[in-house]
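Here's work-v3.txt, which has compact mmCIF, C-alpha atoms:
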# COMPACT_ATOMS: atom_id res chain seq x y z
CA MET A 796 -65.58 119.71 89.34
CA THR A 797 -68.24 122.33 88.53
CA LEU A 798 -68.83 120.71 85.16
CA ARG A 799 -69.35 117.32 86.83
CA ILE A 800 -71.90 118.78 89.24
CA ALA A 801 -73.70 120.56 86.40
CA PHE A 802 -73.80 117.30 84.42
CA LEU A 803 -75.15 115.41 87.42
CA VAL A 804 -77.81 118.06 88.06
CA ALA A 805 -78.89 117.86 84.41
CA LEU A 806 -78.99 114.08 84.59
CA VAL A 807 -81.12 114.08 87.75
CA TRP A 808 -83.41 116.70 86.24
CA LEU A 809 -83.92 114.65 83.09
CA ALA A 810 -84.55 111.51 85.09
CA ALA A 811 -87.15 113.29 87.23
CA ALA A 812 -88.87 114.99 84.27
CA PRO A 813 -91.51 112.35 83.55
CA ALA A 814 -93.65 113.18 86.57
CA ALA A 815 -96.50 111.17 85.07
CA HIS A 816 -95.09 108.23 87.02
CA ALA A 817 -94.95 110.09 90.32
CA ALA A 818 -96.77 107.29 92.10
CA ASP A 819 -93.89 104.98 91.17
CA ALA A 820 -91.24 107.10 92.89
CA THR A 821 -89.91 106.24 96.30
CA LEU A 822 -89.77 109.23 98.61
CA LEU A 823 -86.55 109.17 100.59
CA ARG A 824 -85.36 111.40 103.40
CA LEU A 825 -81.96 112.92 103.87
CA PHE A 826 -81.41 113.44 107.58
CA LEU A 827 -79.27 116.45 108.32
CA ARG A 828 -76.75 116.80 111.12
CA ASP A 829 -78.82 119.55 112.73
CA GLY A 830 -81.69 117.09 113.34
CA THR A 831 -83.93 118.20 110.46
CA SER A 832 -84.62 116.28 107.27
CA VAL A 833 -85.49 116.97 103.64
CA VAL A 834 -87.45 114.81 101.20
CA SER A 835 -85.89 113.43 98.05
CA PHE A 836 -88.23 112.47 95.22
CA GLY A 837 -86.55 109.22 94.21
CA GLU A 838 -82.90 108.45 94.70
CA PHE A 839 -80.32 111.05 95.63
CA ALA A 840 -76.83 111.17 94.14
CA ARG A 841 -73.64 111.75 96.08
CA LEU A 842 -70.80 113.25 94.07
CA ASP A 843 -67.56 114.11 95.83
CA ASP A 844 -68.57 116.51 98.60
CA GLN A 845 -72.09 117.28 97.27
CA VAL A 846 -75.49 115.57 97.36
CA VAL A 847 -77.94 116.25 94.53
CA PHE A 848 -81.61 115.33 94.68
CA SER A 849 -85.06 116.31 93.45
CA MET A 850 -87.23 117.91 96.13
CA PRO A 851 -91.02 117.97 95.68
CA VAL A 852 -92.36 121.46 96.47
CA GLY A 853 -96.07 121.54 95.85
CA GLY A 854 -98.37 120.58 93.06
CA PRO A 855 -100.75 117.64 93.08
CA ALA A 856 -99.51 114.41 94.64
CA ASP A 857 -99.54 112.61 91.29
CA GLN A 858 -97.51 115.36 89.57
CA PRO A 859 -95.43 117.26 92.10
CA ARG A 860 -93.30 120.23 91.12
CA LEU A 861 -89.67 119.25 91.54
CA HIS A 862 -86.67 121.39 92.32
CA ILE A 863 -83.10 120.21 92.01
CA VAL A 864 -81.26 120.76 95.29
CA THR A 865 -77.56 120.47 96.06
CA LEU A 866 -76.31 120.15 99.64
CA PRO A 867 -72.85 119.70 101.10
CA ALA A 868 -72.41 115.99 101.89
CA SER A 869 -70.89 116.98 105.24
CA GLU A 870 -74.29 118.32 106.36
CA VAL A 871 -75.95 114.89 106.02
CA ASP A 872 -76.20 112.37 108.85
CA TRP A 873 -75.18 109.47 106.60
CA ALA A 874 -75.69 106.66 109.10
CA ARG A 875 -79.31 107.64 109.75
CA THR A 876 -79.98 108.48 106.09
CA GLU A 877 -78.66 105.13 104.85
CA ARG A 878 -80.64 103.16 107.46
CA TYR A 879 -83.81 104.99 106.43
CA ALA A 880 -83.09 104.58 102.70
CA ALA A 881 -82.49 100.84 103.08
CA ALA A 882 -85.79 100.45 104.94
CA ALA A 883 -87.68 102.56 102.36
CA ARG A 884 -86.16 100.60 99.47
CA TYR A 885 -87.05 97.31 101.16
CA GLN A 886 -90.64 98.46 101.74
CA ARG A 887 -90.95 99.59 98.13
CA TYR A 888 -89.58 96.27 96.87
CA ALA A 889 -91.96 94.31 99.09
CA GLU A 890 -94.92 96.35 97.81
CA THR A 891 -94.04 96.20 94.12
CA ARG A 892 -91.96 93.12 93.29
CA GLY A 893 -91.57 90.98 96.39
CA GLU A 894 -94.61 88.76 95.80
CA ASP A 895 -93.79 88.18 92.12
CA ASP A 896 -90.15 87.36 92.88
CA PHE A 897 -91.22 84.98 95.64
CA GLN A 898 -93.59 83.17 93.26
CA LEU A 899 -90.85 82.94 90.63
CA LEU A 900 -88.37 81.55 93.15
CA SER A 901 -90.95 79.11 94.51
CA SER A 902 -91.87 77.77 91.08
CA ASP A 903 -88.20 77.49 90.08
CA THR A 904 -87.42 75.58 93.29
CA THR A 905 -90.41 73.28 92.75
CA SER A 906 -89.41 72.51 89.16
CA ARG A 907 -85.81 71.78 90.17
CA THR A 908 -86.97 69.51 92.97
CA SER A 909 -89.24 67.61 90.56
CA ARG A 910 -86.37 67.04 88.11
CA CYS A 911 -84.07 65.68 90.86
CA ARG A 912 -86.46 62.87 91.82
Now, as a test, write the supplied structure out as structure tokens.
Amino acid sequence: MTLRIAFLVALVWLAAAPAAHAADATLLRLFLRDGTSVVSFGEFARLDDQVVFSMPVGGPADQPRLHIVTLPASEVDWARTERYAAAARYQRYAETRGEDDFQLLSSDTTSRTSRCR
């Protein structure tokens, strides 16, 4: 169990290392059962009874300093956290890929319609 958590922490740390692309990261919130929240730089990982995430703690906005944080999963308000994460992911998709995907779908639909006539 401890080895799995250590591996996951190392994996998250390596994934968060290239801070040069900080503007590309989605900031998520983990809402805690006590009513507070913490910010996760990018996606968080839930492993058994733990949650591991990268927390920005200072530095310039384009290259924040990140700390790996582990919390007990039982401390997280999962219903609220998942609703927020879904909305944040949707917003990020709409800002970055939504228009391109819509154009691709539209052109594909148009070409299929033309072939059916």
Enter the distance from atom CA of Thr821 of chain A to atom CA of Leu900 of chain A, in Å, rounded to one decimal.
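If I compute the distance from atom CA of Thr821 of chain A to atom CA of Leu900 of chain A, I get 24.9 Å.
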Quick check, in Å to one decimal: how far apart do atom CA of Asp829 of chain A and atom CA of Ser869 of chain A lie?
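Separation between atom CA of Asp829 of chain A and atom CA of Ser869 of chain A: 11.2 Å.
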As a PyMOL selection string, please: the residues near Thr876 of chain A (cut-off 9 Å, all atoms listed in the file, same-chain neighbours under 3 positions excluded).
chain A and resi 823-827+871-873+879-881
I'd like the interatomic distance between atom CA of Arg884 of chain A and atom CA of Leu822 of chain A, to a tenth of an Å.
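Distance reported for this atom pair: 9.4 Å.
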Nearest candidate to Val847 of chain A (options A:Leu861, A:Leu866, A:Ala882, A:Val834; using all atoms listed in the file):
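Ranked by minimum distance to Val847 of chain A, first place goes to A:Leu866.
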Render segment 847-862 of chain A from the structure in the preceding block as a file of all heavy atoms, as a PDB file, in the first residue's frame.
ATOM      1  N   VAL A 847      -4.254  12.228  -4.024  1.00  0.00           N
ATOM      2  CA  VAL A 847      -2.950  12.840  -4.264  1.00  0.00           C
ATOM      3  C   VAL A 847      -3.126  13.902  -5.347  1.00  0.00           C
ATOM      4  O   VAL A 847      -3.784  13.658  -6.361  1.00  0.00           O
ATOM      5  CB  VAL A 847      -1.912  11.796  -4.725  1.00  0.00           C
ATOM      6  CG1 VAL A 847      -0.560  12.437  -4.968  1.00  0.00           C
ATOM      7  CG2 VAL A 847      -1.808  10.665  -3.720  1.00  0.00           C
ATOM      8  N   PHE A 848      -2.554  15.074  -5.108  1.00  0.00           N
ATOM      9  CA  PHE A 848      -2.654  16.146  -6.087  1.00  0.00           C
ATOM     10  C   PHE A 848      -1.491  17.108  -5.933  1.00  0.00           C
ATOM     11  O   PHE A 848      -0.774  17.091  -4.946  1.00  0.00           O
ATOM     12  CB  PHE A 848      -3.990  16.893  -5.956  1.00  0.00           C
ATOM     13  CG  PHE A 848      -4.205  17.557  -4.630  1.00  0.00           C
ATOM     14  CD1 PHE A 848      -3.947  18.915  -4.467  1.00  0.00           C
ATOM     15  CD2 PHE A 848      -4.667  16.839  -3.543  1.00  0.00           C
ATOM     16  CE1 PHE A 848      -4.143  19.534  -3.249  1.00  0.00           C
ATOM     17  CE2 PHE A 848      -4.876  17.451  -2.322  1.00  0.00           C
ATOM     18  CZ  PHE A 848      -4.612  18.800  -2.175  1.00  0.00           C
ATOM     19  N   SER A 849      -1.305  17.943  -6.955  1.00  0.00           N
ATOM     20  CA  SER A 849      -0.275  18.975  -6.935  1.00  0.00           C
ATOM     21  C   SER A 849      -0.941  20.288  -6.542  1.00  0.00           C
ATOM     22  O   SER A 849      -1.880  20.718  -7.201  1.00  0.00           O
ATOM     23  CB  SER A 849       0.367  19.129  -8.308  1.00  0.00           C
ATOM     24  OG  SER A 849       1.017  17.949  -8.680  1.00  0.00           O
ATOM     25  N   MET A 850      -0.427  20.914  -5.497  1.00  0.00           N
ATOM     26  CA  MET A 850      -0.988  22.174  -5.029  1.00  0.00           C
ATOM     27  C   MET A 850      -0.024  23.311  -5.362  1.00  0.00           C
ATOM     28  O   MET A 850       1.143  23.268  -4.979  1.00  0.00           O
ATOM     29  CB  MET A 850      -1.214  22.133  -3.517  1.00  0.00           C
ATOM     30  CG  MET A 850      -1.763  23.440  -2.961  1.00  0.00           C
ATOM     31  SD  MET A 850      -1.865  23.441  -1.153  1.00  0.00           S
ATOM     32  CE  MET A 850      -3.255  22.370  -0.904  1.00  0.00           C
ATOM     33  N   PRO A 851      -0.515  24.339  -6.104  1.00  0.00           N
ATOM     34  CA  PRO A 851       0.348  25.494  -6.365  1.00  0.00           C
ATOM     35  C   PRO A 851       0.493  26.333  -5.091  1.00  0.00           C
ATOM     36  O   PRO A 851      -0.496  26.604  -4.413  1.00  0.00           O
ATOM     37  CB  PRO A 851      -0.410  26.254  -7.454  1.00  0.00           C
ATOM     38  CG  PRO A 851      -1.823  25.822  -7.337  1.00  0.00           C
ATOM     39  CD  PRO A 851      -1.810  24.454  -6.740  1.00  0.00           C
ATOM     40  N   VAL A 852       1.728  26.699  -4.758  1.00  0.00           N
ATOM     41  CA  VAL A 852       1.969  27.474  -3.528  1.00  0.00           C
ATOM     42  C   VAL A 852       2.963  28.599  -3.794  1.00  0.00           C
ATOM     43  O   VAL A 852       4.036  28.638  -3.232  1.00  0.00           O
ATOM     44  CB  VAL A 852       2.467  26.585  -2.372  1.00  0.00           C
ATOM     45  CG1 VAL A 852       1.374  25.695  -1.857  1.00  0.00           C
ATOM     46  CG2 VAL A 852       3.663  25.754  -2.802  1.00  0.00           C
ATOM     47  N   GLY A 853       2.580  29.513  -4.635  1.00  0.00           N
ATOM     48  CA  GLY A 853       3.436  30.655  -4.909  1.00  0.00           C
ATOM     49  C   GLY A 853       4.151  30.539  -6.222  1.00  0.00           C
ATOM     50  O   GLY A 853       3.921  29.633  -7.019  1.00  0.00           O
ATOM     51  N   GLY A 854       5.011  31.507  -6.453  1.00  0.00           N
ATOM     52  CA  GLY A 854       5.710  31.582  -7.724  1.00  0.00           C
ATOM     53  C   GLY A 854       4.872  32.347  -8.722  1.00  0.00           C
ATOM     54  O   GLY A 854       3.708  32.643  -8.481  1.00  0.00           O
ATOM     55  N   PRO A 855       5.445  32.666  -9.864  1.00  0.00           N
ATOM     56  CA  PRO A 855       4.686  33.392 -10.885  1.00  0.00           C
ATOM     57  C   PRO A 855       3.563  32.519 -11.436  1.00  0.00           C
ATOM     58  O   PRO A 855       3.643  31.292 -11.412  1.00  0.00           O
ATOM     59  CB  PRO A 855       5.725  33.709 -11.961  1.00  0.00           C
ATOM     60  CG  PRO A 855       6.841  32.760 -11.732  1.00  0.00           C
ATOM     61  CD  PRO A 855       6.825  32.400 -10.274  1.00  0.00           C
ATOM     62  N   ALA A 856       2.522  33.152 -11.946  1.00  0.00           N
ATOM     63  CA  ALA A 856       1.356  32.419 -12.437  1.00  0.00           C
ATOM     64  C   ALA A 856       1.707  31.460 -13.570  1.00  0.00           C
ATOM     65  O   ALA A 856       1.105  30.397 -13.682  1.00  0.00           O
ATOM     66  CB  ALA A 856       0.284  33.393 -12.903  1.00  0.00           C
ATOM     67  N   ASP A 857       2.704  31.822 -14.383  1.00  0.00           N
ATOM     68  CA  ASP A 857       3.049  30.951 -15.503  1.00  0.00           C
ATOM     69  C   ASP A 857       3.998  29.819 -15.112  1.00  0.00           C
ATOM     70  O   ASP A 857       4.219  28.903 -15.886  1.00  0.00           O
ATOM     71  CB  ASP A 857       3.623  31.754 -16.664  1.00  0.00           C
ATOM     72  CG  ASP A 857       4.908  32.479 -16.304  1.00  0.00           C
ATOM     73  OD1 ASP A 857       5.153  32.717 -15.105  1.00  0.00           O
ATOM     74  OD2 ASP A 857       5.673  32.804 -17.227  1.00  0.00           O
ATOM     75  N   GLN A 858       4.565  29.874 -13.905  1.00  0.00           N
ATOM     76  CA  GLN A 858       5.424  28.794 -13.406  1.00  0.00           C
ATOM     77  C   GLN A 858       5.276  28.674 -11.892  1.00  0.00           C
ATOM     78  O   GLN A 858       6.205  28.964 -11.134  1.00  0.00           O
ATOM     79  CB  GLN A 858       6.881  29.055 -13.765  1.00  0.00           C
ATOM     80  CG  GLN A 858       7.174  28.901 -15.235  1.00  0.00           C
ATOM     81  CD  GLN A 858       8.654  28.916 -15.508  1.00  0.00           C
ATOM     82  OE1 GLN A 858       9.446  29.429 -14.734  1.00  0.00           O
ATOM     83  NE2 GLN A 858       9.030  28.349 -16.624  1.00  0.00           N
ATOM     84  N   PRO A 859       4.124  28.194 -11.447  1.00  0.00           N
ATOM     85  CA  PRO A 859       3.922  28.095 -10.001  1.00  0.00           C
ATOM     86  C   PRO A 859       4.799  27.018  -9.376  1.00  0.00           C
ATOM     87  O   PRO A 859       5.182  26.054 -10.027  1.00  0.00           O
ATOM     88  CB  PRO A 859       2.446  27.724  -9.886  1.00  0.00           C
ATOM     89  CG  PRO A 859       2.145  27.011 -11.152  1.00  0.00           C
ATOM     90  CD  PRO A 859       2.996  27.675 -12.202  1.00  0.00           C
ATOM     91  N   ARG A 860       5.127  27.212  -8.093  1.00  0.00           N
ATOM     92  CA  ARG A 860       5.801  26.154  -7.345  1.00  0.00           C
ATOM     93  C   ARG A 860       4.723  25.167  -6.932  1.00  0.00           C
ATOM     94  O   ARG A 860       3.672  25.551  -6.433  1.00  0.00           O
ATOM     95  CB  ARG A 860       6.478  26.730  -6.107  1.00  0.00           C
ATOM     96  CG  ARG A 860       7.677  27.577  -6.433  1.00  0.00           C
ATOM     97  CD  ARG A 860       8.360  28.011  -5.177  1.00  0.00           C
ATOM     98  NE  ARG A 860       7.354  28.201  -4.113  1.00  0.00           N
ATOM     99  CZ  ARG A 860       7.566  28.803  -2.978  1.00  0.00           C
ATOM    100  NH1 ARG A 860       8.731  29.276  -2.691  1.00  0.00           N
ATOM    101  NH2 ARG A 860       6.610  28.935  -2.082  1.00  0.00           N
ATOM    102  N   LEU A 861       5.002  23.898  -7.136  1.00  0.00           N
ATOM    103  CA  LEU A 861       4.018  22.860  -6.839  1.00  0.00           C
ATOM    104  C   LEU A 861       4.489  21.986  -5.695  1.00  0.00           C
ATOM    105  O   LEU A 861       5.671  21.654  -5.606  1.00  0.00           O
ATOM    106  CB  LEU A 861       3.764  21.996  -8.075  1.00  0.00           C
ATOM    107  CG  LEU A 861       3.273  22.729  -9.320  1.00  0.00           C
ATOM    108  CD1 LEU A 861       3.163  21.767 -10.498  1.00  0.00           C
ATOM    109  CD2 LEU A 861       1.945  23.407  -9.060  1.00  0.00           C
ATOM    110  N   HIS A 862       3.556  21.629  -4.836  1.00  0.00           N
ATOM    111  CA  HIS A 862       3.823  20.678  -3.764  1.00  0.00           C
ATOM    112  C   HIS A 862       2.850  19.519  -3.916  1.00  0.00           C
ATOM    113  O   HIS A 862       1.667  19.725  -4.170  1.00  0.00           O
ATOM    114  CB  HIS A 862       3.630  21.331  -2.386  1.00  0.00           C
ATOM    115  CG  HIS A 862       4.736  22.257  -2.029  1.00  0.00           C
ATOM    116  ND1 HIS A 862       5.835  21.856  -1.312  1.00  0.00           N
ATOM    117  CD2 HIS A 862       4.932  23.563  -2.310  1.00  0.00           C
ATOM    118  CE1 HIS A 862       6.654  22.876  -1.150  1.00  0.00           C
ATOM    119  NE2 HIS A 862       6.128  23.928  -1.756  1.00  0.00           N
TER     120      HIS A 862
END
